[in-house]
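entry26.cif (mmCIF, C-alpha atoms)
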```
data_my_file
#
loop_
_atom_site.label_atom_id
_atom_site.label_comp_id
_atom_site.auth_asym_id
_atom_site.auth_seq_id
_atom_site.Cartn_x
_atom_site.Cartn_y
_atom_site.Cartn_z
CA MET A 1205 -38.85 60.84 -192.65
CA ALA A 1206 -41.70 58.71 -193.97
CA PHE A 1207 -41.59 55.13 -192.75
CA LYS A 1208 -42.53 52.46 -195.26
CA LYS A 1209 -45.10 49.97 -194.02
CA ASN A 1210 -42.65 47.07 -194.36
CA ASP A 1211 -40.05 48.92 -192.28
CA VAL A 1212 -42.70 49.61 -189.65
CA ASP A 1213 -43.85 46.00 -189.55
CA ASN A 1214 -40.29 44.68 -189.41
CA SER A 1215 -39.23 46.93 -186.53
CA TYR A 1216 -42.14 45.76 -184.39
CA ARG A 1217 -41.70 42.12 -185.36
CA GLU A 1218 -37.98 42.28 -184.53
CA LEU A 1219 -38.76 43.75 -181.11
CA LYS A 1220 -41.25 40.96 -180.39
CA ARG A 1221 -38.62 38.38 -181.36
CA GLU A 1222 -36.10 40.00 -179.03
CA LEU A 1223 -38.59 39.97 -176.17
CA ALA A 1224 -39.47 36.32 -176.78
CA ALA A 1225 -35.80 35.36 -176.86
CA GLU A 1226 -34.99 37.65 -173.91
CA SER A 1227 -32.22 39.24 -175.95
CA ILE A 1228 -33.09 42.85 -175.17
CA GLY A 1229 -30.60 45.38 -176.48
CA ARG A 1230 -29.16 48.57 -175.05
CA LEU A 1231 -30.82 51.35 -177.05
CA TYR A 1232 -34.35 51.83 -178.41
CA ILE A 1233 -36.52 54.60 -179.87
CA PHE A 1234 -40.25 53.97 -179.38
CA HIS A 1235 -42.77 56.07 -181.32
CA GLY A 1236 -46.05 55.79 -183.20
CA GLU A 1237 -49.80 56.12 -182.73
CA GLU A 1238 -50.59 52.74 -181.17
CA THR A 1239 -49.66 53.50 -177.57
CA TYR A 1240 -51.41 50.37 -176.30
CA LEU A 1241 -48.88 48.14 -178.06
CA ARG A 1242 -46.01 50.38 -177.01
CA ASP A 1243 -47.02 50.35 -173.35
CA HIS A 1244 -47.48 46.57 -173.49
CA CYS A 1245 -43.92 46.17 -174.80
CA VAL A 1246 -42.50 48.56 -172.20
CA LYS A 1247 -44.28 46.59 -169.47
CA GLU A 1248 -42.85 43.34 -170.80
CA MET A 1249 -39.35 44.83 -170.90
CA ARG A 1250 -39.69 45.94 -167.29
CA GLU A 1251 -40.74 42.44 -166.26
CA LYS A 1252 -37.82 40.82 -168.06
CA LEU A 1253 -35.12 43.29 -167.06
CA LEU A 1254 -36.02 44.21 -163.49
CA THR A 1255 -35.64 40.83 -161.84
CA GLY A 1256 -33.85 41.43 -158.56
CA GLY A 1257 -36.71 42.88 -156.53
CA LEU A 1258 -35.02 46.29 -156.26
CA ASP A 1259 -36.90 48.12 -159.00
CA GLU A 1260 -36.50 51.47 -157.30
CA PHE A 1261 -32.73 51.22 -157.80
CA ASN A 1262 -32.68 49.69 -161.28
CA HIS A 1263 -35.63 51.42 -162.97
CA HIS A 1264 -35.28 55.11 -163.87
CA VAL A 1265 -37.83 57.39 -165.56
CA LEU A 1266 -36.65 60.72 -166.95
CA PRO A 1267 -39.26 63.19 -168.30
CA ALA A 1268 -38.22 65.81 -170.86
CA LYS A 1269 -38.62 68.66 -168.35
CA ASP A 1270 -35.89 67.16 -166.17
CA PHE A 1271 -33.60 66.06 -168.99
CA THR A 1272 -29.95 67.04 -169.12
CA ILE A 1273 -27.06 65.14 -170.62
CA GLN A 1274 -25.46 65.04 -167.18
CA ARG A 1275 -28.60 63.58 -165.57
CA LEU A 1276 -28.89 60.94 -168.29
CA ARG A 1277 -25.23 60.06 -167.86
CA GLU A 1278 -25.75 59.57 -164.12
CA LEU A 1279 -28.68 57.20 -164.75
CA VAL A 1280 -26.83 55.26 -167.44
CA ASP A 1281 -23.74 54.89 -165.26
CA ALA A 1282 -25.70 53.71 -162.21
CA MET A 1283 -24.72 50.07 -161.68
CA PRO A 1284 -27.56 47.53 -161.23
CA MET A 1285 -28.26 46.24 -157.74
CA MET A 1286 -29.03 42.51 -157.38
CA SER A 1287 -29.89 42.40 -161.08
CA GLU A 1288 -28.04 42.06 -164.36
CA ARG A 1289 -29.66 45.08 -166.05
CA THR A 1290 -30.98 48.56 -165.45
CA LEU A 1291 -33.78 50.22 -167.40
CA VAL A 1292 -33.87 53.93 -168.23
CA GLU A 1293 -37.00 55.39 -169.85
CA VAL A 1294 -36.77 58.92 -171.29
CA TYR A 1295 -40.13 60.46 -172.21
CA ASP A 1296 -40.76 63.07 -174.91
CA TYR A 1297 -37.23 64.40 -175.21
CA ASP A 1298 -36.46 65.35 -178.82
CA ILE A 1299 -32.98 63.93 -179.25
CA TYR A 1300 -32.43 65.89 -182.47
CA LYS A 1301 -33.00 69.31 -180.92
CA GLY A 1302 -30.63 69.18 -177.95
CA ASP A 1303 -26.86 68.76 -177.70
CA LYS A 1304 -26.53 66.12 -180.40
CA GLU A 1305 -22.77 65.81 -180.12
CA ALA A 1306 -22.83 65.17 -176.36
CA LEU A 1307 -25.70 62.71 -176.74
CA THR A 1308 -23.90 60.90 -179.57
CA GLU A 1309 -20.82 60.55 -177.38
CA LEU A 1310 -22.91 59.16 -174.51
CA LEU A 1311 -24.87 56.70 -176.66
CA SER A 1312 -21.75 55.42 -178.42
CA ASP A 1313 -20.45 53.99 -175.14
CA LEU A 1314 -23.52 52.59 -173.36
CA PRO A 1315 -22.70 49.95 -170.71
CA ASP A 1316 -23.81 46.40 -171.48
CA TYR A 1317 -26.01 46.36 -168.38
CA VAL A 1318 -28.22 49.28 -169.39
CA CYS A 1319 -31.34 49.36 -171.56
CA LEU A 1320 -32.16 52.93 -172.59
CA ILE A 1321 -35.50 53.70 -174.25
CA PHE A 1322 -36.45 57.10 -175.68
CA ILE A 1323 -40.26 57.09 -175.72
CA TYR A 1324 -42.11 59.60 -177.89
CA ASP A 1325 -45.57 59.86 -176.38
CA VAL A 1326 -46.83 63.41 -176.95
CA ILE A 1327 -44.31 64.76 -179.43
CA PRO A 1328 -43.64 63.16 -182.85
CA TYR A 1329 -40.39 61.42 -183.67
CA LYS A 1330 -38.61 63.18 -186.54
CA PRO A 1331 -35.15 61.71 -187.16
CA ASP A 1332 -32.55 63.87 -188.88
CA ASN A 1333 -30.54 61.50 -191.06
CA ARG A 1334 -27.95 64.20 -191.80
CA VAL A 1335 -26.34 63.98 -188.37
CA LYS A 1336 -24.07 61.35 -186.81
CA LEU A 1337 -26.62 60.65 -184.09
CA ALA A 1338 -29.07 59.14 -186.58
CA LYS A 1339 -26.39 56.86 -188.04
CA LEU A 1340 -25.34 55.74 -184.56
CA ILE A 1341 -28.92 54.86 -183.59
CA LYS A 1342 -29.39 52.80 -186.77
CA GLU A 1343 -26.12 50.94 -186.17
CA THR A 1344 -26.35 50.28 -182.44
CA GLY A 1345 -30.02 50.66 -181.51
CA ARG A 1346 -33.50 49.98 -182.80
CA GLU A 1347 -36.18 52.42 -183.92
CA VAL A 1348 -39.59 50.85 -183.31
CA ASN A 1349 -42.75 52.36 -184.74
CA PHE A 1350 -46.04 51.23 -183.20
CA PRO A 1351 -48.55 51.86 -186.00
CA ARG A 1352 -52.30 51.52 -186.12
CA GLN A 1353 -53.08 47.85 -186.67
CA GLY A 1354 -54.49 46.46 -189.89
CA PRO A 1355 -58.01 45.01 -190.11
CA ASP A 1356 -57.16 41.33 -189.73
CA GLY A 1357 -54.94 41.71 -186.68
CA LEU A 1358 -57.24 44.20 -184.96
CA ILE A 1359 -60.39 42.11 -185.46
CA THR A 1360 -58.61 39.05 -184.03
CA TRP A 1361 -57.40 41.12 -181.07
CA ILE A 1362 -60.92 42.45 -180.38
CA GLN A 1363 -62.30 38.91 -180.42
CA ARG A 1364 -59.57 37.74 -178.01
CA ARG A 1365 -60.30 40.61 -175.63
CA PHE A 1366 -64.01 39.78 -175.57
CA LYS A 1367 -63.21 36.09 -175.08
CA ALA A 1368 -61.14 37.00 -172.01
CA LEU A 1369 -64.31 38.64 -170.64
CA GLY A 1370 -66.42 35.54 -171.33
CA HIS A 1371 -68.01 36.85 -174.53
CA GLU A 1372 -67.93 36.28 -178.26
CA ILE A 1373 -68.27 38.83 -181.03
CA SER A 1374 -68.61 38.27 -184.75
CA ALA A 1375 -66.05 39.71 -187.14
CA GLU A 1376 -68.78 41.90 -188.66
CA ASP A 1377 -69.74 43.40 -185.30
CA ALA A 1378 -66.07 43.84 -184.39
CA ARG A 1379 -65.65 45.88 -187.59
CA TYR A 1380 -68.71 47.91 -186.60
CA LEU A 1381 -67.12 48.61 -183.20
CA VAL A 1382 -63.99 49.87 -184.97
CA PHE A 1383 -66.09 52.05 -187.28
CA LEU A 1384 -67.92 53.50 -184.29
CA CYS A 1385 -65.03 53.97 -181.85
CA GLY A 1386 -61.90 54.12 -184.00
CA ASP A 1387 -59.03 51.73 -184.58
CA LEU A 1388 -56.67 52.64 -181.73
CA MET A 1389 -56.39 49.89 -179.13
CA ASN A 1390 -56.18 52.24 -176.15
CA GLY A 1391 -59.64 53.59 -176.97
CA LEU A 1392 -61.07 50.22 -177.90
CA ILE A 1393 -59.95 48.47 -174.72
CA THR A 1394 -62.11 50.85 -172.66
CA GLU A 1395 -65.13 50.30 -174.91
CA ILE A 1396 -64.65 46.52 -174.87
CA GLY A 1397 -64.62 46.60 -171.07
CA LYS A 1398 -67.87 48.59 -170.95
CA ILE A 1399 -69.60 46.39 -173.49
CA GLY A 1400 -68.37 43.19 -171.84
CA ALA A 1401 -69.72 44.33 -168.47
CA TYR A 1402 -73.08 45.29 -169.98
CA ALA A 1403 -73.77 42.38 -172.32
CA LYS A 1404 -76.00 39.73 -170.77
CA ALA A 1405 -75.62 36.99 -173.39
CA GLU A 1406 -72.41 35.25 -174.38
CA ARG A 1407 -72.62 36.73 -177.89
CA VAL A 1408 -72.18 40.50 -177.99
CA THR A 1409 -74.78 42.14 -180.22
CA ARG A 1410 -74.90 45.33 -182.25
CA GLN A 1411 -77.48 46.59 -179.75
CA ASP A 1412 -75.02 46.05 -176.87
CA ILE A 1413 -72.45 48.14 -178.74
CA ASP A 1414 -74.88 50.95 -179.56
CA THR A 1415 -76.18 51.07 -175.98
CA VAL A 1416 -72.92 51.62 -174.10
CA ALA A 1417 -70.12 52.46 -176.56
CA THR A 1418 -69.05 56.09 -176.94
CA PRO A 1419 -68.80 56.80 -180.67
CA GLN A 1420 -66.19 59.04 -182.24
CA LEU A 1421 -67.40 62.31 -183.69
CA ASP A 1422 -66.72 61.32 -187.31
CA ALA A 1423 -68.75 58.12 -186.86
CA VAL A 1424 -71.70 60.11 -185.51
CA VAL A 1425 -71.47 62.55 -188.41
CA PHE A 1426 -71.47 59.57 -190.79
CA GLN A 1427 -74.66 58.39 -189.08
CA LEU A 1428 -76.10 61.86 -189.60
CA THR A 1429 -75.49 61.91 -193.35
CA ASP A 1430 -76.56 58.27 -193.62
CA ALA A 1431 -79.86 59.13 -191.93
CA ILE A 1432 -80.40 61.90 -194.52
CA SER A 1433 -79.61 59.47 -197.35
CA MET A 1434 -82.22 57.03 -196.01
CA GLY A 1435 -84.82 59.78 -195.74
CA ASN A 1436 -84.88 59.32 -191.95
CA PHE A 1437 -84.95 63.00 -191.05
CA ASP A 1438 -86.17 62.43 -187.49
CA LYS A 1439 -83.04 60.37 -186.91
CA ALA A 1440 -80.86 63.03 -188.55
CA PHE A 1441 -82.15 65.82 -186.33
CA SER A 1442 -81.97 63.57 -183.26
CA VAL A 1443 -78.28 62.93 -183.97
CA MET A 1444 -77.62 66.64 -184.47
CA SER A 1445 -79.45 67.47 -181.24
CA ASP A 1446 -77.39 64.89 -179.35
CA LEU A 1447 -74.17 66.34 -180.73
CA LEU A 1448 -75.12 69.87 -179.66
CA HIS A 1449 -76.07 68.63 -176.19
CA MET A 1450 -72.62 66.97 -175.96
CA GLN A 1451 -71.19 70.50 -176.01
CA GLU A 1452 -69.73 70.09 -179.49
CA THR A 1453 -69.43 73.56 -181.02
CA PRO A 1454 -71.52 74.28 -184.14
CA ILE A 1455 -68.42 75.31 -186.10
CA GLY A 1456 -66.66 72.10 -185.07
CA LEU A 1457 -69.66 70.03 -186.12
CA LEU A 1458 -69.83 71.91 -189.41
CA ALA A 1459 -66.17 71.12 -190.06
CA MET A 1460 -66.81 67.41 -189.50
CA LEU A 1461 -69.99 67.52 -191.58
CA GLY A 1462 -68.12 69.25 -194.40
CA TRP A 1463 -65.35 66.63 -194.25
CA GLN A 1464 -67.88 63.81 -194.48
CA LEU A 1465 -69.77 65.48 -197.34
CA ARG A 1466 -66.51 65.93 -199.26
CA ARG A 1467 -65.85 62.21 -198.83
CA LEU A 1468 -69.38 61.47 -200.03
CA TYR A 1469 -68.84 63.71 -203.06
CA THR A 1470 -65.65 61.88 -204.02
CA ALA A 1471 -67.41 58.54 -203.45
CA ARG A 1472 -70.18 59.64 -205.81
CA LEU A 1473 -67.52 60.68 -208.34
CA ALA A 1474 -65.94 57.25 -207.95
CA ILE A 1475 -69.28 55.62 -208.76
CA GLU A 1476 -69.80 57.89 -211.78
CA ASN A 1477 -66.35 57.01 -213.12
CA GLY A 1478 -66.38 53.30 -212.40
CA LYS A 1479 -63.87 53.44 -209.54
CA GLY A 1480 -64.18 51.38 -206.38
CA ALA A 1481 -63.22 51.16 -202.73
CA LYS A 1482 -59.48 50.89 -203.42
CA TRP A 1483 -59.46 54.28 -205.16
CA LEU A 1484 -61.26 55.88 -202.20
CA MET A 1485 -58.89 54.24 -199.72
CA GLU A 1486 -55.88 55.69 -201.53
CA LEU A 1487 -57.49 59.13 -201.92
CA TRP A 1488 -58.51 59.52 -198.26
CA GLY A 1489 -55.93 57.32 -196.57
CA ILE A 1490 -58.63 54.89 -195.41
CA SER A 1491 -57.16 51.74 -193.88
CA TRP A 1492 -60.29 49.59 -193.87
CA ALA A 1493 -62.01 48.41 -197.03
CA SER A 1494 -65.27 48.09 -195.07
CA THR A 1495 -65.16 51.84 -194.31
CA ALA A 1496 -64.73 52.68 -197.98
CA GLU A 1497 -67.57 50.32 -198.89
CA LYS A 1498 -69.84 52.03 -196.35
CA LEU A 1499 -68.98 55.34 -197.97
CA LEU A 1500 -69.83 54.03 -201.44
CA GLN A 1501 -73.06 52.48 -200.19
CA SER A 1502 -74.12 55.80 -198.69
CA ALA A 1503 -73.06 57.76 -201.81
CA ARG A 1504 -75.28 55.60 -204.02
CA ARG A 1505 -78.30 57.14 -202.31
CA PHE A 1506 -77.33 60.67 -203.37
CA SER A 1507 -77.09 62.29 -206.79
CA LEU A 1508 -73.85 63.86 -207.94
CA ALA A 1509 -75.58 67.25 -208.09
CA TRP A 1510 -76.78 66.92 -204.48
CA CYS A 1511 -73.28 66.02 -203.28
CA ARG A 1512 -71.73 68.96 -205.12
CA ARG A 1513 -74.34 71.38 -203.79
CA ALA A 1514 -73.96 70.03 -200.24
CA VAL A 1515 -70.22 70.68 -200.26
CA ILE A 1516 -70.74 74.23 -201.56
CA ARG A 1517 -73.42 74.98 -198.96
CA CYS A 1518 -71.12 73.77 -196.19
CA GLU A 1519 -68.43 76.19 -197.33
CA GLU A 1520 -70.95 79.03 -197.55
CA THR A 1521 -72.29 78.23 -194.05
CA ASP A 1522 -68.74 78.16 -192.69
CA LEU A 1523 -68.12 81.62 -194.13
CA ALA A 1524 -71.40 82.89 -192.65
CA MET A 1525 -70.46 81.57 -189.19
CA LYS A 1526 -67.11 83.35 -189.32
CA SER A 1527 -68.13 86.62 -190.93
CA THR A 1528 -71.68 87.42 -189.77
CA GLY A 1529 -73.31 87.87 -186.43
CA ALA A 1530 -75.82 85.09 -187.06
CA ASP A 1531 -76.24 82.38 -184.46
CA ALA A 1532 -73.95 79.46 -185.38
CA GLY A 1533 -76.38 76.84 -184.06
CA GLU A 1534 -79.23 78.26 -186.13
CA LEU A 1535 -77.03 78.35 -189.25
CA LEU A 1536 -76.10 74.70 -188.74
CA THR A 1537 -79.73 73.68 -188.18
CA GLY A 1538 -80.76 75.64 -191.25
CA LEU A 1539 -78.14 73.85 -193.33
CA LEU A 1540 -79.36 70.47 -192.14
CA LEU A 1541 -82.97 71.42 -192.99
CA GLU A 1542 -81.88 72.50 -196.44
CA LEU A 1543 -79.95 69.28 -197.08
CA ALA A 1544 -82.88 67.19 -195.90
CA GLU A 1545 -85.36 69.18 -198.04
CA LYS A 1546 -83.22 68.87 -201.19
CA LYS A 1547 -82.73 65.14 -200.63
CA SER A 1548 -86.46 64.57 -200.29
CA ALA A 1549 -87.37 66.75 -203.27
#
```

Now, as a test, write the supplied structure out as structure tokens.
Amino acid sequence: MAFKKNDVDNSYRELKRELAAESIGRLYIFHGEETYLRDHCVKEMREKLLTGGLDEFNHHVLPAKDFTIQRLRELVDAMPMMSERTLVEVYDYDIYKGDKEALTELLSDLPDYVCLIFIYDVIPYKPDNRVKLAKLIKETGREVNFPRQGPDGLITWIQRRFKALGHEISAEDARYLVFLCGDLMNGLITEIGKIGAYAKAERVTRQDIDTVATPQLDAVVFQLTDAISMGNFDKAFSVMSDLLHMQETPIGLLAMLGWQLRRLYTARLAIENGKGAKWLMELWGISWASTAEKLLQSARRFSLAWCRRAVIRCEETDLAMKSTGADAGELLTGLLLELAEKKSA
């Protein structure tokens, strides 16, 4: 099932309203990529529900490997001790692959004192709307998707996190941090902590970010192609050398390089045909307009013929890595030399 953005936003907003009003229900399904938000909500639910000081009796965690309907029934039926509610957290159990009839029967008669959360952490949540279980969950529970956050909310969150560490960061540099390290809060919170501890001045600088942040592979590959576009070949080979020393495999790096060059090619096509960032965002599923603009800015430095040839040479190098006995590292280095030579010609 594909969740519409409005449905996603509404489910999370409704959960936040319930938490604020302390009107927590009996049944929830938590899923989605943004585990930082999910874990924050679970923590808040624990704080609000487990109030009697006897958490070990009223808080139950059930991993998928230990799941049985009978075990879940025992936890659900366990009366709270010195508290009004109990909390049961079930992790990574696919409710649509087990005994759906028995689970439907159990969930249709949950005690008022229990709060049961099925948390999808490693496995994806794939509801089957053909069965009674799905209808029951929609009628009596709440499915909450924790999606990647949009630009405005994430930038504000980054600025708040730095402020809590005694620092400020501009919106532009916050966007750069997201470009470099990704847009998932769980990854960003670690990088923010490192940068906050390193930065000497109140205002965090781009240099602070570059010095201590650990960039994602796709961001580094973008820097590689950007260095080629600027004619900075020393920088390009330095980036490639760093990637190889990080134990990234040549074939893995080639795959990322090919992906980036395909995006550059489509960006160049967008320029040739008078299309803009919005078209690229829809084509590649890019959430941030600033990312699409960076792609267009880089593509303007290449010709359409160069982009087309670069994509073809990546595919040919991939085939050579998989079908010949040639050294993969040497093939990758040779491709980079060729791309740099053609760009400078």

Report task. Starting from the displayed file, determine the output of the PyMOL selection byres ((chain A and resi 1338) around 12) and express the residue list as a list in words. Result -> Met1205, Ile1233, Ile1299, Tyr1300, Lys1304, Glu1305, Leu1307, Thr1308, Leu1311, Ser1312, Tyr1329, Lys1330, Pro1331, Asp1332, Asn1333, Arg1334, Val1335, Lys1336, Leu1337, Lys1339, Leu1340, Ile1341, Lys1342, Glu1343, Thr1344, Gly1345, Arg1346 and Glu1347 of chain A

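Nearest to A:Phe1506 of all the residues A:Thr1470, A:Thr1415, A:Ser1445, A:Ser1433 is A:Ser1433, counting all atoms listed in the file.
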
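If you look at atom CA of A:Pro1284 and atom CA of A:Leu1320, they are 13.4 Å away from each other.
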
**Report entry** Selection near A:Glu1293, 7 Å with only C-alpha atoms, sequence-local residues under 2 positions removed, as a ChimeraX atom specification
**Finding:** /A:1264-1266,1291,1295,1320-1323

Query raised in the report: Which residues, written as a ChimeraX atom specification, have at least one atom at most 7 Å from stretch 1419-1426 of chain A, with all atoms listed in the file counted and residues fewer than 6 positions away on the same chain left out?
Result: /A:1383-1386,1460-1461,1464

Protein, DNA and RNA residues within 12 Å of (-68.7, 41.9, -172.7), only C-alpha atoms, as a short mmCIF file (atom, residue, chain, number, x, y, z; two decimals) with C-alpha atoms, keeping the file's coordinate frame:
```
data_model
loop_
_atom_site.label_atom_id
_atom_site.label_comp_id
_atom_site.auth_asym_id
_atom_site.auth_seq_id
_atom_site.Cartn_x
_atom_site.Cartn_y
_atom_site.Cartn_z
CA ILE A 1362 -60.92 42.45 -180.38
CA GLN A 1363 -62.30 38.91 -180.42
CA ARG A 1364 -59.57 37.74 -178.01
CA ARG A 1365 -60.30 40.61 -175.63
CA PHE A 1366 -64.01 39.78 -175.57
CA LYS A 1367 -63.21 36.09 -175.08
CA ALA A 1368 -61.14 37.00 -172.01
CA LEU A 1369 -64.31 38.64 -170.64
CA GLY A 1370 -66.42 35.54 -171.33
CA HIS A 1371 -68.01 36.85 -174.53
CA GLU A 1372 -67.93 36.28 -178.26
CA ILE A 1373 -68.27 38.83 -181.03
CA ILE A 1393 -59.95 48.47 -174.72
CA THR A 1394 -62.11 50.85 -172.66
CA GLU A 1395 -65.13 50.30 -174.91
CA ILE A 1396 -64.65 46.52 -174.87
CA GLY A 1397 -64.62 46.60 -171.07
CA LYS A 1398 -67.87 48.59 -170.95
CA ILE A 1399 -69.60 46.39 -173.49
CA GLY A 1400 -68.37 43.19 -171.84
CA ALA A 1401 -69.72 44.33 -168.47
CA TYR A 1402 -73.08 45.29 -169.98
CA ALA A 1403 -73.77 42.38 -172.32
CA LYS A 1404 -76.00 39.73 -170.77
CA ALA A 1405 -75.62 36.99 -173.39
CA GLU A 1406 -72.41 35.25 -174.38
CA ARG A 1407 -72.62 36.73 -177.89
CA VAL A 1408 -72.18 40.50 -177.99
CA THR A 1409 -74.78 42.14 -180.22
CA ARG A 1410 -74.90 45.33 -182.25
CA ASP A 1412 -75.02 46.05 -176.87
CA ILE A 1413 -72.45 48.14 -178.74
CA VAL A 1416 -72.92 51.62 -174.10
CA ALA A 1417 -70.12 52.46 -176.56
#
```

Query raised in the report: Could you state the separation of atom CA of A:Ala1496 and atom CA of A:Glu1519 in Å, given to one decimal place?
Result: 23.8 Å

**Report entry** Residue members of the PyMOL selection byres ((chain A and resi 1491) around 10) in the file shown, as a list in words
**Finding:** Arg1352, Gln1353, Gly1354, Pro1355, Asp1387, Lys1482, Met1485, Glu1486, Trp1488, Gly1489, Ile1490, Trp1492, Ala1493, Ser1494, Thr1495 and Ala1496 of chain A

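Here atom CA of A:Glu1226 is placed at a distance of 14.6 Å from atom CA of A:Ser1287.
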
**Report entry** Contact residues around A:Lys1247 with all atoms listed in the file at 12 Å, ignoring same-chain residues under 5 positions, as a list in words
**Finding:**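 Final neighbour list, sorted by chain and number: Leu1223, Thr1239, Tyr1240, Leu1241, Arg1242, Lys1252, Leu1253, Leu1254, His1263, Leu1291 and Glu1293 of chain A.
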
Report task. Report the residues retrieved by the PyMOL selection byres ((chain A and resi 1480) around 12) from the displayed file, expressed as an NGL selection string. Result -> :A and (1470-1479 or 1481-1487 or 1493-1494 or 1496-1501 or 1503)

Take the residues just selected and output them with C-alpha atoms as a JSON list (two decimals), in the coordinates of the input.
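The resulting result.json:
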```
[["chain", "number", "residue", "atom", "x", "y", "z"],
["A", 1470, "THR", "CA", -65.65, 61.88, -204.02],
["A", 1471, "ALA", "CA", -67.41, 58.54, -203.45],
["A", 1472, "ARG", "CA", -70.18, 59.64, -205.81],
["A", 1473, "LEU", "CA", -67.52, 60.68, -208.34],
["A", 1474, "ALA", "CA", -65.94, 57.25, -207.95],
["A", 1475, "ILE", "CA", -69.28, 55.62, -208.76],
["A", 1476, "GLU", "CA", -69.80, 57.89, -211.78],
["A", 1477, "ASN", "CA", -66.35, 57.01, -213.12],
["A", 1478, "GLY", "CA", -66.38, 53.30, -212.40],
["A", 1479, "LYS", "CA", -63.87, 53.44, -209.54],
["A", 1481, "ALA", "CA", -63.22, 51.16, -202.73],
["A", 1482, "LYS", "CA", -59.48, 50.89, -203.42],
["A", 1483, "TRP", "CA", -59.46, 54.28, -205.16],
["A", 1484, "LEU", "CA", -61.26, 55.88, -202.20],
["A", 1485, "MET", "CA", -58.89, 54.24, -199.72],
["A", 1486, "GLU", "CA", -55.88, 55.69, -201.53],
["A", 1487, "LEU", "CA", -57.49, 59.13, -201.92],
["A", 1493, "ALA", "CA", -62.01, 48.41, -197.03],
["A", 1494, "SER", "CA", -65.27, 48.09, -195.07],
["A", 1496, "ALA", "CA", -64.73, 52.68, -197.98],
["A", 1497, "GLU", "CA", -67.57, 50.32, -198.89],
["A", 1498, "LYS", "CA", -69.84, 52.03, -196.35],
["A", 1499, "LEU", "CA", -68.98, 55.34, -197.97],
["A", 1500, "LEU", "CA", -69.83, 54.03, -201.44],
["A", 1501, "GLN", "CA", -73.06, 52.48, -200.19],
["A", 1503, "ALA", "CA", -73.06, 57.76, -201.81]]
```

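Remark: for A:Ala1509, the closest of the candidate residues A:Val1326, A:Ala1225, A:Leu1468, A:Val1246 is A:Leu1468 (distances computed over only C-alpha atoms).
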
Report task. May I have the residues within 12 Å of A:Asp1438 as a PyMOL selection string, using all atoms listed in the file and disregarding those fewer than 4 positions away in the same chain? Result -> chain A and resi 1428+1431-1432+1434+1442-1445+1540-1541+1544

Query - Selected residue of minimal separation from A:Met1286 among A:Pro1315, A:Gly1435, A:Gly1257, A:Gly1456, counting all atoms listed in the file - result: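 So, comparing all the options, the nearest one is A:Gly1257.
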
Your completed stretch 1377-1389 of chain A with N, CA and C atoms, as a tab-separated table (two decimals), in the frame of the given file:
```tsv
chain	number	residue	atom	x	y	z
A	1377	ASP	N	-69.46	42.47	-186.39
A	1377	ASP	CA	-69.74	43.40	-185.30
A	1377	ASP	C	-68.46	44.01	-184.74
A	1378	ALA	N	-67.36	43.28	-184.81
A	1378	ALA	CA	-66.07	43.84	-184.39
A	1378	ALA	C	-65.68	44.98	-185.33
A	1379	ARG	N	-65.92	44.80	-186.63
A	1379	ARG	CA	-65.65	45.88	-187.59
A	1379	ARG	C	-66.55	47.07	-187.32
A	1380	TYR	N	-67.80	46.82	-186.94
A	1380	TYR	CA	-68.71	47.91	-186.60
A	1380	TYR	C	-68.20	48.69	-185.38
A	1381	LEU	N	-67.68	47.96	-184.39
A	1381	LEU	CA	-67.12	48.61	-183.20
A	1381	LEU	C	-65.96	49.53	-183.59
A	1382	VAL	N	-65.12	49.05	-184.51
A	1382	VAL	CA	-63.99	49.87	-184.97
A	1382	VAL	C	-64.50	51.10	-185.72
A	1383	PHE	N	-65.50	50.92	-186.57
A	1383	PHE	CA	-66.09	52.05	-187.28
A	1383	PHE	C	-66.63	53.09	-186.30
A	1384	LEU	N	-67.27	52.60	-185.24
A	1384	LEU	CA	-67.92	53.50	-184.29
A	1384	LEU	C	-66.92	54.19	-183.37
A	1385	CYS	N	-65.90	53.47	-182.92
A	1385	CYS	CA	-65.03	53.97	-181.85
A	1385	CYS	C	-63.58	54.18	-182.28
A	1386	GLY	N	-63.26	53.92	-183.54
A	1386	GLY	CA	-61.90	54.12	-184.00
A	1386	GLY	C	-61.06	52.86	-183.90
A	1387	ASP	N	-59.86	52.92	-184.48
A	1387	ASP	CA	-59.03	51.73	-184.58
A	1387	ASP	C	-57.79	51.76	-183.69
A	1388	LEU	N	-57.77	52.64	-182.68
A	1388	LEU	CA	-56.67	52.64	-181.73
A	1388	LEU	C	-57.03	51.77	-180.53
A	1389	MET	N	-56.12	50.88	-180.17
A	1389	MET	CA	-56.39	49.89	-179.13
A	1389	MET	C	-56.66	50.53	-177.77
```
